[in-house]
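J.: Quick one: structure below, then a few questions.
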Amino acid sequence: MFNIGDRVVYPMHGAGVIEAIEEKEILGDKKKYYVMNIPAGDMKVMVPLDNVQKVGLRDVVGKSALDKVYGILESEGELSNTNWNRRYRANMEKIKSGSVFKVAEVVHSLLLRDRVKGLSTGEKRMLETAKQILISELVMVQGADQNEVMSDLERLFNKV
């Protein structure tokens with residue numbers, strides 16, 4: 001159970017803060033919802049309390065996870081030889097997992113592929129989505145400005 005003010009991650013959308021817990025009646029069914037503000041994309045999301053496990057809502061990682069995230073982004077890695085469709089599905093599963101480490105893997109692998117072979121339109125969109133999700137969580141963890149985190153990451157991305 002989360003509380004108002006908790007910093008959480010909603011997979012596929014990014015990190016945000018729970019602003020309220022409200023009860024709403026929709027189609028005659030009363031449910032309690034977390035009202036979450038996600039600064040990236042300036043979104044408000046309502047998550048039913050009974051769906052928290054299903055959607056994968058989780059706490060933002062601690063500062064101790066930063067080294068691992070940056071380690072993934074800085075690693076050399078190698079290009080996957082799987083076809084576009086399999087690669088896309090595998091990357092989408094990683095993003096949907098909600099794991100900051102899996103999202104970092106997607107960002108790293110797509111940046112690498114982009115440098116070596118280029119990306120399809122779908123993979124370019126996926127890369128931007130994964131970057132936004134990653135940045136939103138790193139902003140929360142570091143307590144930094146989004147532009148500051150983005151420029152730090154861009155320096156890393158240029159090394160990949």
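Residue numbering restarts at 1 in every chain; chains get A, B, ... in the order shown in the structure tokens, and ligands count up from 1 in that same order.
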Env of Val45 in chain A: 12 Å cut, atoms = only C-alpha atoms, seq-sep filter 3 positions within chain, self excluded. Answer as a ChimeraX atom specification.

T.: /A:8-22,33-42,48,57

J.: Pick out the residues sitting within 10 Å of range 121-133 of chain A, and hand them over as a PyMOL selection string; count only C-alpha atoms, and ignore anything fewer than 5 positions along from it in its own chain.

T.: chain A and resi 9-15+40-41+84+87-88+91-92+94-95+98+100+102-111+113-114+138+146+150+153

J.: Could you give me, as JSON, numbers by chain, the residues within 12 Å of Ser75 in chain A, counting only C-alpha atoms and dropping anything in the same chain fewer than 2 positions from it?

T.: {"A": [67, 68, 69, 70, 71, 72, 73, 77, 78, 104, 105, 107, 108, 109, 111, 112, 156, 157, 159, 160]}

J.: Since we have the selection now, will you write its residues out, keeping N, CA and C atoms, as a compact mmCIF listing (two decimals), in the first residue's frame?

T.:
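part_30.txt was written with the following content:
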# COMPACT_ATOMS: atom_id res chain seq x y z
N ASP A 67 24.43 3.30 -9.62
CA ASP A 67 25.66 2.76 -10.18
C ASP A 67 25.37 1.66 -11.18
N LYS A 68 24.42 0.80 -10.85
CA LYS A 68 24.08 -0.30 -11.76
C LYS A 68 23.44 0.23 -13.05
N VAL A 69 22.54 1.22 -12.91
CA VAL A 69 21.90 1.81 -14.09
C VAL A 69 22.94 2.44 -15.00
N TYR A 70 23.81 3.25 -14.42
CA TYR A 70 24.85 3.90 -15.23
C TYR A 70 25.84 2.89 -15.78
N GLY A 71 26.09 1.82 -15.03
CA GLY A 71 26.95 0.74 -15.52
C GLY A 71 26.37 0.09 -16.77
N ILE A 72 25.07 -0.13 -16.77
CA ILE A 72 24.40 -0.70 -17.95
C ILE A 72 24.53 0.24 -19.14
N LEU A 73 24.31 1.52 -18.89
CA LEU A 73 24.36 2.50 -19.98
C LEU A 73 25.77 2.69 -20.54
N GLY A 77 28.51 -3.75 -24.55
CA GLY A 77 27.38 -4.45 -25.17
C GLY A 77 27.71 -4.94 -26.57
N GLU A 78 26.80 -5.74 -27.09
CA GLU A 78 26.97 -6.22 -28.46
C GLU A 78 25.62 -6.20 -29.15
N ALA A 104 16.94 0.52 -18.85
CA ALA A 104 18.29 0.97 -19.20
C ALA A 104 18.90 0.06 -20.26
N GLU A 105 18.65 -1.25 -20.16
CA GLU A 105 19.14 -2.19 -21.18
C GLU A 105 18.55 -1.87 -22.55
N VAL A 107 17.37 1.07 -23.61
CA VAL A 107 17.97 2.32 -24.09
C VAL A 107 19.37 2.05 -24.64
N HIS A 108 20.16 1.31 -23.90
CA HIS A 108 21.53 1.01 -24.33
C HIS A 108 21.56 0.23 -25.65
N SER A 109 20.76 -0.83 -25.73
CA SER A 109 20.80 -1.66 -26.94
C SER A 109 20.29 -0.91 -28.17
N LEU A 111 20.38 2.42 -28.60
CA LEU A 111 21.38 3.42 -28.97
C LEU A 111 22.53 2.77 -29.75
N LEU A 112 22.95 1.61 -29.29
CA LEU A 112 24.01 0.88 -29.97
C LEU A 112 23.59 0.51 -31.40
N LEU A 156 26.67 10.38 -21.73
CA LEU A 156 26.88 8.93 -21.72
C LEU A 156 26.52 8.30 -23.06
N PHE A 157 25.39 8.73 -23.62
CA PHE A 157 24.91 8.15 -24.88
C PHE A 157 25.91 8.39 -26.00
N LYS A 159 28.98 8.26 -25.78
CA LYS A 159 30.09 7.32 -25.62
C LYS A 159 29.73 5.92 -26.12
N VAL A 160 28.42 5.62 -26.18
CA VAL A 160 27.97 4.27 -26.56
C VAL A 160 28.36 3.97 -28.01
